[in-house]
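Everything below concerns the one structure shown next.
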Amino acid sequence: MTEIKFLLKFGKREHLESLVKGNIYCSNAITFWGIEDKLKIKWQGDILEAGTRMFAQKMIMHNPDTKEIIAEYGNSNGLMRVELAEKMPVFCMFAVYEKDCKIDDDGTVSINLSDDKKQMIRDHFPNADAVAIIPNPEVFIEDIRNSIGTEIKAENVHYFHIDKGFDTKDGQTAMDMEYMKYLMQDVPPVKDDKGTRYTFYADYAFRVLFCKDVFFEKEQEYRIILPNEVIEDGKSYPVRLSEKYEICDLNFFFEKTEE
């Protein structure tokens with residue numbers, strides 16, 4: 001996390017005031033599905049949350065207990081979701097990296113977002129009128145870890161070619177193998193005469209929530225996930241914050257962070 005210099009939370013001022021008082025409001029994947037599917041707002045929602053597009057030239061489904069073949073398919077393209085991750089609480093922020101900062105004459109590191117990123121924020125968060133600025137991400141994350149009462153996973157989001165995959169020379173569509181390797185990193189791959197087999201265990205279902213399509217990569221998202229919690233709707237978790245955080249009017253924030 002050393003490259004991340006600040007974390008930002010964009011939103012309505014009233015919601016951010018609750019955040020800096022120590023209330024972390026989490027949503028689940030089902031909420032994000034609804035934003036895109038029902039409201040047709042892709043930037044704010046994502047039907048691929050806790051899921052993936054599965055591209056395959058041949059697909060065989062086995063009974064996990066008996067190994068009996070349940071179904072076989074030829075060229076396939078389907079939306080698959082990881083059920084265990086659908087209702088895990090997720091808290092999202094914008095990560096400010098070294099490339100998004102400048103060093104003043106006195107050595108002070110300050111935020112210096114590009115015009116493109118400012119416009120992206122306005123487009124992707126049209127209801128936001130303020131921003132909460134977290135200049136000490138490690139302290140903030142550790143406060144949550146120490147006070148929330150359940151395990152947390154905190155990590156920057158990784159962006160892959162999930163929605164459309166890659167076109168192959170023979171006219172097929174292939175999955176992004178870097179994405180598959182990330183999801184299945186906890187279990188060593190097994191090689192045999194038929195190829196390489198990757199396995200994704202339920203214990204690591206949370207990893208799918210740290211993956212998004214490259215469509216969203218400009219959002220530079222950082223997430224906190226509670227893998228052992230289940231929420232039906234949005235839920236606020238109380239946290240003892242050891243430091244105070246500034247809330248800034250969004251227009252003023254953009255004006256003072258000129259390139």
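Going through the structure tokens in order, the chains are called A, B, and so on, while each chain numbers its residues from 1 and the ligands are numbered from 1 in the order shown.
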Which residues are close to segment 218-227 of chain A, i.e. within 8 Å by only C-alpha atoms, leaving aside same-chain residues fewer than 4 positions away? Reply as an mmCIF file with N, CA and C atoms, in the first residue's frame.
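Printed below is out.cif as written:
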```cif
data_model
loop_
_atom_site.group_PDB
_atom_site.id
_atom_site.type_symbol
_atom_site.label_atom_id
_atom_site.label_comp_id
_atom_site.auth_asym_id
_atom_site.auth_seq_id
_atom_site.Cartn_x
_atom_site.Cartn_y
_atom_site.Cartn_z
ATOM 1 N N LEU A 7 -6.517 8.272 0.202
ATOM 2 C CA LEU A 7 -7.771 7.647 -0.203
ATOM 3 C C LEU A 7 -8.836 8.729 -0.203
ATOM 4 N N ALA A 85 -20.132 -14.644 -2.696
ATOM 5 C CA ALA A 85 -19.647 -13.261 -2.652
ATOM 6 C C ALA A 85 -20.752 -12.234 -2.871
ATOM 7 N N MET A 88 -21.551 -10.177 0.415
ATOM 8 C CA MET A 88 -20.457 -9.703 1.263
ATOM 9 C C MET A 88 -20.456 -8.175 1.271
ATOM 10 N N PRO A 89 -20.277 -7.539 2.435
ATOM 11 C CA PRO A 89 -20.221 -6.078 2.490
ATOM 12 C C PRO A 89 -18.968 -5.535 1.795
ATOM 13 N N VAL A 90 -19.163 -4.472 1.011
ATOM 14 C CA VAL A 90 -18.080 -3.848 0.261
ATOM 15 C C VAL A 90 -18.096 -2.340 0.510
ATOM 16 N N PHE A 91 -16.930 -1.782 0.810
ATOM 17 C CA PHE A 91 -16.786 -0.339 0.974
ATOM 18 C C PHE A 91 -15.747 0.138 -0.041
ATOM 19 N N CYS A 92 -16.104 1.131 -0.866
ATOM 20 C CA CYS A 92 -15.265 1.537 -1.989
ATOM 21 C C CYS A 92 -14.707 2.944 -1.807
ATOM 22 N N MET A 93 -13.468 3.145 -2.261
ATOM 23 C CA MET A 93 -12.819 4.450 -2.240
ATOM 24 C C MET A 93 -11.988 4.634 -3.500
ATOM 25 N N PHE A 94 -11.511 5.845 -3.710
ATOM 26 C CA PHE A 94 -10.643 6.176 -4.836
ATOM 27 C C PHE A 94 -9.215 6.284 -4.310
ATOM 28 N N ALA A 95 -8.298 5.563 -4.937
ATOM 29 C CA ALA A 95 -6.904 5.567 -4.503
ATOM 30 C C ALA A 95 -6.106 6.624 -5.264
ATOM 31 N N VAL A 96 -5.408 7.466 -4.534
ATOM 32 C CA VAL A 96 -4.527 8.473 -5.125
ATOM 33 C C VAL A 96 -3.099 7.951 -5.042
ATOM 34 N N LYS A 117 -9.138 12.794 -15.058
ATOM 35 C CA LYS A 117 -9.633 12.085 -13.877
ATOM 36 C C LYS A 117 -10.713 12.887 -13.160
ATOM 37 N N MET A 120 -13.777 12.282 -15.142
ATOM 38 C CA MET A 120 -14.260 10.923 -14.874
ATOM 39 C C MET A 120 -15.026 10.891 -13.561
ATOM 40 N N ILE A 121 -14.505 11.542 -12.539
ATOM 41 C CA ILE A 121 -15.167 11.550 -11.230
ATOM 42 C C ILE A 121 -16.532 12.212 -11.335
ATOM 43 N N THR A 150 -14.807 -8.040 12.889
ATOM 44 C CA THR A 150 -14.805 -9.185 11.985
ATOM 45 C C THR A 150 -13.643 -9.016 11.016
ATOM 46 N N GLU A 151 -13.255 -10.097 10.369
ATOM 47 C CA GLU A 151 -12.125 -10.047 9.440
ATOM 48 C C GLU A 151 -12.405 -9.080 8.294
ATOM 49 N N ILE A 152 -11.385 -8.347 7.871
ATOM 50 C CA ILE A 152 -11.521 -7.513 6.683
ATOM 51 C C ILE A 152 -10.421 -7.864 5.686
ATOM 52 N N LYS A 153 -10.728 -7.656 4.427
ATOM 53 C CA LYS A 153 -9.759 -7.746 3.353
ATOM 54 C C LYS A 153 -9.705 -6.366 2.711
ATOM 55 N N ALA A 154 -8.523 -5.795 2.577
ATOM 56 C CA ALA A 154 -8.366 -4.456 2.019
ATOM 57 C C ALA A 154 -7.304 -4.499 0.918
ATOM 58 N N GLU A 155 -7.667 -3.999 -0.256
ATOM 59 C CA GLU A 155 -6.770 -4.136 -1.404
ATOM 60 C C GLU A 155 -7.264 -3.233 -2.533
ATOM 61 N N ASN A 156 -6.344 -2.822 -3.392
ATOM 62 C CA ASN A 156 -6.775 -2.096 -4.580
ATOM 63 C C ASN A 156 -7.453 -3.063 -5.546
ATOM 64 N N VAL A 157 -8.388 -2.548 -6.324
ATOM 65 C CA VAL A 157 -9.093 -3.364 -7.313
ATOM 66 C C VAL A 157 -8.162 -3.627 -8.495
ATOM 67 N N PHE A 206 -14.110 -14.116 -1.843
ATOM 68 C CA PHE A 206 -13.980 -12.660 -1.755
ATOM 69 C C PHE A 206 -13.115 -12.081 -2.863
ATOM 70 N N LEU A 209 -14.475 -10.016 -5.755
ATOM 71 C CA LEU A 209 -14.895 -8.633 -5.510
ATOM 72 C C LEU A 209 -13.747 -7.635 -5.643
ATOM 73 N N PHE A 210 -12.527 -8.135 -5.791
ATOM 74 C CA PHE A 210 -11.381 -7.266 -6.040
ATOM 75 C C PHE A 210 -11.047 -7.207 -7.526
#
```
*asked:* Please return, as number ranges by chain, all residues of segment 124-171 of chain A that DSSP assigns to alpha helix (DSSP H) on the basis of the backbone.
replied: A: 124, 137-147
*Write out as a list in words the residues lying within 10 Å of Lys99 of chain A, counting only C-alpha atoms and excluding same-chain residues fewer than 3 positions away.*
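After dropping sequence-adjacent residues, the list is Glu3, Ile4, Lys5, Val96, Lys102, Ile111, Asn112, Leu113 and Ser114 of chain A.
Take the candidates A:Leu84, A:Leu8, A:Ile70, A:Leu19 and check each one against Pro137 of chain A using only C-alpha atoms; the shortest distance goes to A:Leu8.
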_At a cut-off of 9 Å, using only C-alpha atoms, what residues contact Tyr179 of chain A? Leave out same-chain residues fewer than 6 positions from it and give the result as a PyMOL selection string._
chain A and resi 158-162+211
Could you take the residues named above and write them with N, CA, C and O atoms, as a PDB file, in the first residue's frame?
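Output below, filename part15.pdb:
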```pdb
ATOM      1  N   HIS A 158      -8.242  -4.839  -9.036  1.00  0.00           N
ATOM      2  CA  HIS A 158      -7.447  -5.232 -10.199  1.00  0.00           C
ATOM      3  C   HIS A 158      -8.358  -5.255 -11.429  1.00  0.00           C
ATOM      4  O   HIS A 158      -9.487  -5.769 -11.363  1.00  0.00           O
ATOM      5  N   TYR A 159      -7.854  -4.748 -12.541  1.00  0.00           N
ATOM      6  CA  TYR A 159      -8.688  -4.609 -13.737  1.00  0.00           C
ATOM      7  C   TYR A 159      -8.235  -5.584 -14.823  1.00  0.00           C
ATOM      8  O   TYR A 159      -7.048  -5.645 -15.171  1.00  0.00           O
ATOM      9  N   PHE A 160      -9.212  -6.316 -15.346  1.00  0.00           N
ATOM     10  CA  PHE A 160      -8.934  -7.346 -16.345  1.00  0.00           C
ATOM     11  C   PHE A 160      -9.948  -7.247 -17.490  1.00  0.00           C
ATOM     12  O   PHE A 160     -10.959  -6.555 -17.377  1.00  0.00           O
ATOM     13  N   HIS A 161      -9.675  -7.974 -18.574  1.00  0.00           N
ATOM     14  CA  HIS A 161     -10.608  -8.036 -19.703  1.00  0.00           C
ATOM     15  C   HIS A 161     -11.641  -9.137 -19.404  1.00  0.00           C
ATOM     16  O   HIS A 161     -11.529 -10.271 -19.862  1.00  0.00           O
ATOM     17  N   ILE A 162     -12.634  -8.771 -18.616  1.00  0.00           N
ATOM     18  CA  ILE A 162     -13.613  -9.741 -18.137  1.00  0.00           C
ATOM     19  C   ILE A 162     -14.846  -9.793 -19.039  1.00  0.00           C
ATOM     20  O   ILE A 162     -15.322 -10.862 -19.412  1.00  0.00           O
ATOM     21  N   CYS A 211     -11.941  -7.707  -8.371  1.00  0.00           N
ATOM     22  CA  CYS A 211     -11.714  -7.730  -9.811  1.00  0.00           C
ATOM     23  C   CYS A 211     -12.825  -6.980 -10.541  1.00  0.00           C
ATOM     24  O   CYS A 211     -14.006  -7.174 -10.245  1.00  0.00           O
TER      25      CYS A 211
END
```
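Using only C-alpha atoms, the contacts of segment 129-131 of chain A at a cut-off of 8 Å, with sequence neighbours closer than 2 positions omitted, comprise A:Leu8, A:Lys9, A:Phe10, A:Gly11, A:Lys12, A:Arg13, A:Leu16, A:Asn127, A:Ile133, A:Ile247, A:Cys248, A:Asp249, A:Leu250, A:Asn251, A:Phe253.
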Would you write out those residues with N, CA and C atoms, as a short mmCIF file (atom, residue, chain, number, x, y, z; two decimals), in the first residue's frame?
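Dumped everything to selection10.cif:
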```
data_model
loop_
_atom_site.label_atom_id
_atom_site.label_comp_id
_atom_site.auth_asym_id
_atom_site.auth_seq_id
_atom_site.Cartn_x
_atom_site.Cartn_y
_atom_site.Cartn_z
N LEU A 8 -9.70 8.69 -1.20
CA LEU A 8 -10.78 9.67 -1.32
C LEU A 8 -12.12 8.95 -1.37
N LYS A 9 -13.10 9.55 -0.73
CA LYS A 9 -14.47 9.03 -0.81
C LYS A 9 -15.36 10.15 -1.32
N PHE A 10 -15.91 9.95 -2.51
CA PHE A 10 -16.80 10.95 -3.10
C PHE A 10 -18.24 10.62 -2.75
N GLY A 11 -19.04 11.65 -2.52
CA GLY A 11 -20.43 11.40 -2.19
C GLY A 11 -21.14 12.66 -1.75
N LYS A 12 -22.34 12.49 -1.21
CA LYS A 12 -23.09 13.60 -0.63
C LYS A 12 -22.46 13.96 0.71
N ARG A 13 -22.40 15.26 1.00
CA ARG A 13 -21.76 15.71 2.23
C ARG A 13 -22.35 15.04 3.47
N LEU A 16 -20.86 11.69 3.91
CA LEU A 16 -19.45 11.75 4.28
C LEU A 16 -19.26 12.21 5.72
N ASN A 127 -23.85 12.48 -8.42
CA ASN A 127 -24.55 13.00 -7.25
C ASN A 127 -23.61 13.51 -6.16
N ILE A 133 -11.25 13.31 2.54
CA ILE A 133 -9.83 13.12 2.21
C ILE A 133 -9.15 12.36 3.35
N ILE A 247 -13.58 17.02 5.14
CA ILE A 247 -14.55 16.93 4.05
C ILE A 247 -14.46 18.24 3.28
N CYS A 248 -14.32 18.13 1.97
CA CYS A 248 -14.12 19.30 1.13
C CYS A 248 -15.20 19.38 0.07
N ASP A 249 -15.71 20.57 -0.19
CA ASP A 249 -16.62 20.79 -1.31
C ASP A 249 -15.95 20.31 -2.59
N LEU A 250 -16.65 19.57 -3.42
CA LEU A 250 -16.03 18.95 -4.57
C LEU A 250 -15.48 19.98 -5.56
N ASN A 251 -16.24 21.03 -5.84
CA ASN A 251 -15.76 22.05 -6.76
C ASN A 251 -14.50 22.72 -6.23
N PHE A 253 -12.36 21.43 -4.11
CA PHE A 253 -11.30 20.42 -4.14
C PHE A 253 -10.65 20.36 -5.52
#
```
Enumerate the residues of segment 58-138 of chain A with a DSSP assignment of strand (DSSP E), computed from the backbone, and present them as a short mmCIF file (atom, residue, chain, number, x, y, z; two decimals) with all heavy atoms, in the first residue's frame.
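Output (result.cif):
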```
data_model
loop_
_atom_site.label_atom_id
_atom_site.label_comp_id
_atom_site.auth_asym_id
_atom_site.auth_seq_id
_atom_site.Cartn_x
_atom_site.Cartn_y
_atom_site.Cartn_z
N MET A 59 -17.38 -26.73 -22.66
CA MET A 59 -17.63 -26.63 -21.23
C MET A 59 -18.34 -27.89 -20.75
O MET A 59 -19.32 -28.34 -21.36
CB MET A 59 -18.49 -25.41 -20.91
CG MET A 59 -18.69 -25.16 -19.42
SD MET A 59 -19.76 -23.72 -19.10
CE MET A 59 -18.77 -22.41 -19.79
N ILE A 60 -17.82 -28.47 -19.67
CA ILE A 60 -18.42 -29.67 -19.07
C ILE A 60 -18.71 -29.37 -17.61
O ILE A 60 -17.84 -28.92 -16.86
CB ILE A 60 -17.48 -30.88 -19.18
CG1 ILE A 60 -17.15 -31.17 -20.65
CG2 ILE A 60 -18.11 -32.11 -18.53
CD1 ILE A 60 -16.13 -32.27 -20.83
N MET A 61 -19.93 -29.63 -17.18
CA MET A 61 -20.32 -29.44 -15.78
C MET A 61 -20.40 -30.78 -15.08
O MET A 61 -21.06 -31.71 -15.57
CB MET A 61 -21.68 -28.72 -15.70
CG MET A 61 -21.66 -27.32 -16.30
SD MET A 61 -23.28 -26.51 -16.20
CE MET A 61 -23.46 -26.35 -14.41
N HIS A 62 -19.69 -30.90 -13.93
CA HIS A 62 -19.66 -32.13 -13.16
C HIS A 62 -20.39 -31.95 -11.84
O HIS A 62 -20.39 -30.86 -11.25
CB HIS A 62 -18.21 -32.54 -12.85
CG HIS A 62 -17.41 -32.91 -14.04
ND1 HIS A 62 -17.28 -34.20 -14.49
CD2 HIS A 62 -16.67 -32.15 -14.88
CE1 HIS A 62 -16.49 -34.22 -15.55
NE2 HIS A 62 -16.12 -32.97 -15.81
N ILE A 69 -21.06 -36.29 -15.04
CA ILE A 69 -21.24 -35.19 -15.97
C ILE A 69 -22.71 -34.79 -15.99
O ILE A 69 -23.60 -35.60 -16.27
CB ILE A 69 -20.77 -35.56 -17.39
CG1 ILE A 69 -19.25 -35.80 -17.39
CG2 ILE A 69 -21.13 -34.46 -18.39
CD1 ILE A 69 -18.71 -36.25 -18.74
N ILE A 70 -22.97 -33.52 -15.66
CA ILE A 70 -24.34 -33.01 -15.63
C ILE A 70 -24.74 -32.45 -16.99
O ILE A 70 -25.87 -32.65 -17.45
CB ILE A 70 -24.47 -31.90 -14.56
CG1 ILE A 70 -24.11 -32.45 -13.18
CG2 ILE A 70 -25.87 -31.31 -14.56
CD1 ILE A 70 -24.04 -31.37 -12.11
N ALA A 71 -23.82 -31.74 -17.63
CA ALA A 71 -24.13 -31.14 -18.92
C ALA A 71 -22.84 -30.86 -19.68
O ALA A 71 -21.77 -30.70 -19.08
CB ALA A 71 -24.92 -29.84 -18.73
N GLU A 72 -22.96 -30.82 -21.00
CA GLU A 72 -21.83 -30.48 -21.87
C GLU A 72 -22.28 -29.42 -22.87
O GLU A 72 -23.40 -29.47 -23.37
CB GLU A 72 -21.33 -31.72 -22.62
CG GLU A 72 -20.72 -32.78 -21.73
CD GLU A 72 -20.08 -33.91 -22.54
OE1 GLU A 72 -19.22 -33.59 -23.39
OE2 GLU A 72 -20.44 -35.06 -22.33
N TYR A 73 -21.39 -28.46 -23.13
CA TYR A 73 -21.71 -27.39 -24.06
C TYR A 73 -20.55 -27.20 -25.03
O TYR A 73 -19.41 -27.49 -24.71
CB TYR A 73 -21.94 -26.06 -23.32
CG TYR A 73 -23.04 -26.13 -22.28
CD1 TYR A 73 -22.73 -26.42 -20.95
CD2 TYR A 73 -24.37 -25.90 -22.61
CE1 TYR A 73 -23.72 -26.47 -19.98
CE2 TYR A 73 -25.38 -25.95 -21.66
CZ TYR A 73 -25.04 -26.23 -20.34
OH TYR A 73 -26.03 -26.30 -19.39
N SER A 76 -19.31 -21.47 -25.76
CA SER A 76 -20.19 -20.91 -24.73
C SER A 76 -19.77 -19.51 -24.33
O SER A 76 -18.59 -19.16 -24.34
CB SER A 76 -20.18 -21.80 -23.48
OG SER A 76 -20.55 -23.13 -23.80
N ASN A 77 -20.76 -18.71 -23.97
CA ASN A 77 -20.54 -17.36 -23.44
C ASN A 77 -21.65 -17.10 -22.45
O ASN A 77 -22.81 -16.92 -22.84
CB ASN A 77 -20.57 -16.33 -24.57
CG ASN A 77 -20.53 -14.90 -24.06
OD1 ASN A 77 -20.41 -14.65 -22.87
ND2 ASN A 77 -20.65 -13.96 -24.98
N GLY A 78 -21.32 -17.13 -21.18
CA GLY A 78 -22.37 -16.98 -20.18
C GLY A 78 -21.92 -16.14 -19.00
O GLY A 78 -20.73 -16.00 -18.74
N LEU A 79 -22.90 -15.56 -18.31
CA LEU A 79 -22.63 -14.81 -17.09
C LEU A 79 -22.71 -15.77 -15.91
O LEU A 79 -23.73 -16.43 -15.71
CB LEU A 79 -23.67 -13.69 -16.93
CG LEU A 79 -23.63 -12.90 -15.62
CD1 LEU A 79 -22.29 -12.20 -15.45
CD2 LEU A 79 -24.78 -11.90 -15.57
N MET A 80 -21.62 -15.85 -15.17
CA MET A 80 -21.57 -16.72 -14.00
C MET A 80 -21.30 -15.87 -12.77
O MET A 80 -20.47 -14.96 -12.81
CB MET A 80 -20.49 -17.79 -14.17
CG MET A 80 -20.70 -18.68 -15.37
SD MET A 80 -19.45 -19.99 -15.47
CE MET A 80 -19.85 -20.96 -14.02
N ARG A 81 -21.98 -16.19 -11.66
CA ARG A 81 -21.80 -15.42 -10.44
C ARG A 81 -21.35 -16.33 -9.31
O ARG A 81 -21.72 -17.51 -9.25
CB ARG A 81 -23.08 -14.70 -10.07
CG ARG A 81 -23.38 -13.53 -11.03
CD ARG A 81 -24.53 -12.71 -10.60
NE ARG A 81 -24.61 -11.49 -11.40
CZ ARG A 81 -25.71 -11.03 -11.95
NH1 ARG A 81 -26.85 -11.67 -11.79
NH2 ARG A 81 -25.69 -9.91 -12.63
N VAL A 90 -19.16 -4.47 1.01
CA VAL A 90 -18.08 -3.85 0.26
C VAL A 90 -18.10 -2.34 0.51
O VAL A 90 -19.15 -1.70 0.43
CB VAL A 90 -18.23 -4.11 -1.25
CG1 VAL A 90 -17.10 -3.44 -2.02
CG2 VAL A 90 -18.26 -5.61 -1.55
N PHE A 91 -16.93 -1.78 0.81
CA PHE A 91 -16.79 -0.34 0.97
C PHE A 91 -15.75 0.14 -0.04
O PHE A 91 -14.63 -0.39 -0.08
CB PHE A 91 -16.34 0.01 2.40
CG PHE A 91 -16.18 1.48 2.65
CD1 PHE A 91 -17.29 2.31 2.76
CD2 PHE A 91 -14.92 2.05 2.78
CE1 PHE A 91 -17.15 3.67 2.99
CE2 PHE A 91 -14.77 3.41 3.02
CZ PHE A 91 -15.89 4.22 3.12
N CYS A 92 -16.10 1.13 -0.87
CA CYS A 92 -15.26 1.54 -1.99
C CYS A 92 -14.71 2.94 -1.81
O CYS A 92 -15.40 3.84 -1.31
CB CYS A 92 -16.08 1.49 -3.28
SG CYS A 92 -16.99 -0.05 -3.56
N MET A 93 -13.47 3.14 -2.26
CA MET A 93 -12.82 4.45 -2.24
C MET A 93 -11.99 4.63 -3.50
O MET A 93 -11.79 3.69 -4.27
CB MET A 93 -11.92 4.57 -1.00
CG MET A 93 -12.68 4.63 0.31
SD MET A 93 -11.60 4.46 1.77
CE MET A 93 -11.25 2.70 1.70
N PHE A 94 -11.51 5.84 -3.71
CA PHE A 94 -10.64 6.18 -4.84
C PHE A 94 -9.22 6.28 -4.31
O PHE A 94 -8.95 7.02 -3.36
CB PHE A 94 -11.09 7.51 -5.46
CG PHE A 94 -10.27 7.96 -6.64
CD1 PHE A 94 -10.65 7.67 -7.93
CD2 PHE A 94 -9.11 8.72 -6.44
CE1 PHE A 94 -9.90 8.11 -9.02
CE2 PHE A 94 -8.35 9.16 -7.51
CZ PHE A 94 -8.75 8.85 -8.81
N ALA A 95 -8.30 5.56 -4.94
CA ALA A 95 -6.90 5.57 -4.50
C ALA A 95 -6.11 6.62 -5.26
O ALA A 95 -6.13 6.67 -6.50
CB ALA A 95 -6.28 4.19 -4.72
N VAL A 96 -5.41 7.47 -4.53
CA VAL A 96 -4.53 8.47 -5.13
C VAL A 96 -3.10 7.95 -5.04
O VAL A 96 -2.56 7.75 -3.95
CB VAL A 96 -4.64 9.81 -4.38
CG1 VAL A 96 -3.68 10.84 -4.98
CG2 VAL A 96 -6.08 10.34 -4.45
N TYR A 97 -2.49 7.72 -6.20
CA TYR A 97 -1.14 7.18 -6.25
C TYR A 97 -0.11 8.30 -6.40
O TYR A 97 -0.45 9.47 -6.55
CB TYR A 97 -1.02 6.20 -7.42
CG TYR A 97 -1.92 4.99 -7.28
CD1 TYR A 97 -3.15 4.93 -7.94
CD2 TYR A 97 -1.54 3.90 -6.49
CE1 TYR A 97 -3.98 3.82 -7.81
CE2 TYR A 97 -2.36 2.79 -6.36
CZ TYR A 97 -3.58 2.75 -7.02
OH TYR A 97 -4.40 1.67 -6.89
N CYS A 101 0.05 12.94 -7.62
CA CYS A 101 0.48 13.92 -6.61
C CYS A 101 1.60 14.80 -7.13
O CYS A 101 2.23 14.52 -8.15
CB CYS A 101 0.96 13.20 -5.35
SG CYS A 101 -0.29 12.20 -4.52
N LYS A 102 1.82 15.88 -6.40
CA LYS A 102 2.98 16.73 -6.66
C LYS A 102 3.64 17.04 -5.32
O LYS A 102 3.01 16.97 -4.25
CB LYS A 102 2.56 18.01 -7.37
CG LYS A 102 1.67 18.92 -6.54
CD LYS A 102 1.32 20.19 -7.32
CE LYS A 102 0.41 21.10 -6.50
NZ LYS A 102 0.05 22.33 -7.23
N ILE A 103 4.91 17.37 -5.37
CA ILE A 103 5.66 17.73 -4.16
C ILE A 103 5.90 19.23 -4.18
O ILE A 103 6.51 19.77 -5.11
CB ILE A 103 6.99 16.97 -4.09
CG1 ILE A 103 6.73 15.45 -4.10
CG2 ILE A 103 7.75 17.36 -2.83
CD1 ILE A 103 8.00 14.62 -4.09
N VAL A 109 3.56 16.67 0.14
CA VAL A 109 2.93 15.93 -0.95
C VAL A 109 1.46 16.33 -1.02
O VAL A 109 0.73 16.25 -0.02
CB VAL A 109 3.04 14.40 -0.73
CG1 VAL A 109 2.33 13.65 -1.85
CG2 VAL A 109 4.51 13.99 -0.67
N SER A 110 1.01 16.78 -2.17
CA SER A 110 -0.38 17.19 -2.33
C SER A 110 -1.00 16.52 -3.55
O SER A 110 -0.30 16.09 -4.48
CB SER A 110 -0.48 18.71 -2.46
OG SER A 110 0.28 19.18 -3.56
N ILE A 111 -2.31 16.45 -3.56
CA ILE A 111 -3.05 15.79 -4.65
C ILE A 111 -3.06 16.68 -5.88
O ILE A 111 -3.28 17.88 -5.80
CB ILE A 111 -4.49 15.47 -4.20
CG1 ILE A 111 -4.47 14.54 -2.98
CG2 ILE A 111 -5.27 14.84 -5.35
CD1 ILE A 111 -5.83 14.33 -2.34
N ALA A 130 -19.21 16.49 -2.53
CA ALA A 130 -18.10 16.66 -1.59
C ALA A 130 -17.17 15.45 -1.66
O ALA A 130 -17.49 14.44 -2.30
CB ALA A 130 -18.64 16.83 -0.17
N VAL A 131 -16.04 15.57 -0.97
CA VAL A 131 -15.08 14.47 -0.92
C VAL A 131 -14.46 14.42 0.47
O VAL A 131 -14.12 15.46 1.04
CB VAL A 131 -13.98 14.64 -2.01
CG1 VAL A 131 -13.30 16.00 -1.90
CG2 VAL A 131 -12.95 13.52 -1.92
N ALA A 132 -14.36 13.24 1.02
CA ALA A 132 -13.64 13.03 2.28
C ALA A 132 -12.21 12.63 1.93
O ALA A 132 -11.98 11.74 1.10
CB ALA A 132 -14.30 11.93 3.11
N ILE A 133 -11.25 13.31 2.54
CA ILE A 133 -9.83 13.12 2.21
C ILE A 133 -9.15 12.36 3.35
O ILE A 133 -9.16 12.80 4.50
CB ILE A 133 -9.14 14.47 1.98
CG1 ILE A 133 -9.87 15.25 0.88
CG2 ILE A 133 -7.67 14.27 1.61
CD1 ILE A 133 -9.43 16.70 0.76
N ILE A 134 -8.55 11.23 2.99
CA ILE A 134 -7.86 10.39 3.98
C ILE A 134 -6.37 10.39 3.62
O ILE A 134 -5.94 9.68 2.70
CB ILE A 134 -8.44 8.96 3.97
CG1 ILE A 134 -9.93 9.01 4.32
CG2 ILE A 134 -7.68 8.06 4.95
CD1 ILE A 134 -10.66 7.73 4.09
#
```
*Kindly give the distance, in Å, that separates atom CA of Gly234 of chain A and atom CA of Leu48 of chain A, rounded to a single decimal.*
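Computing the Euclidean distance for atom CA of Gly234 of chain A and atom CA of Leu48 of chain A yields 18.4 Å.
Counting only C-alpha atoms, the residue from A:Pro126, A:Pro238, A:Gly51, A:Pro135 that sits nearest to Ser18 of chain A is A:Pro238.
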*Measuring atom to atom with only C-alpha atoms, identify which of A:Asn136, A:Asn146, A:Thr108, A:Ser27 is nearest to Phe6 of chain A.*
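Of the candidates, the smallest distance to Phe6 of chain A is held by A:Asn136.
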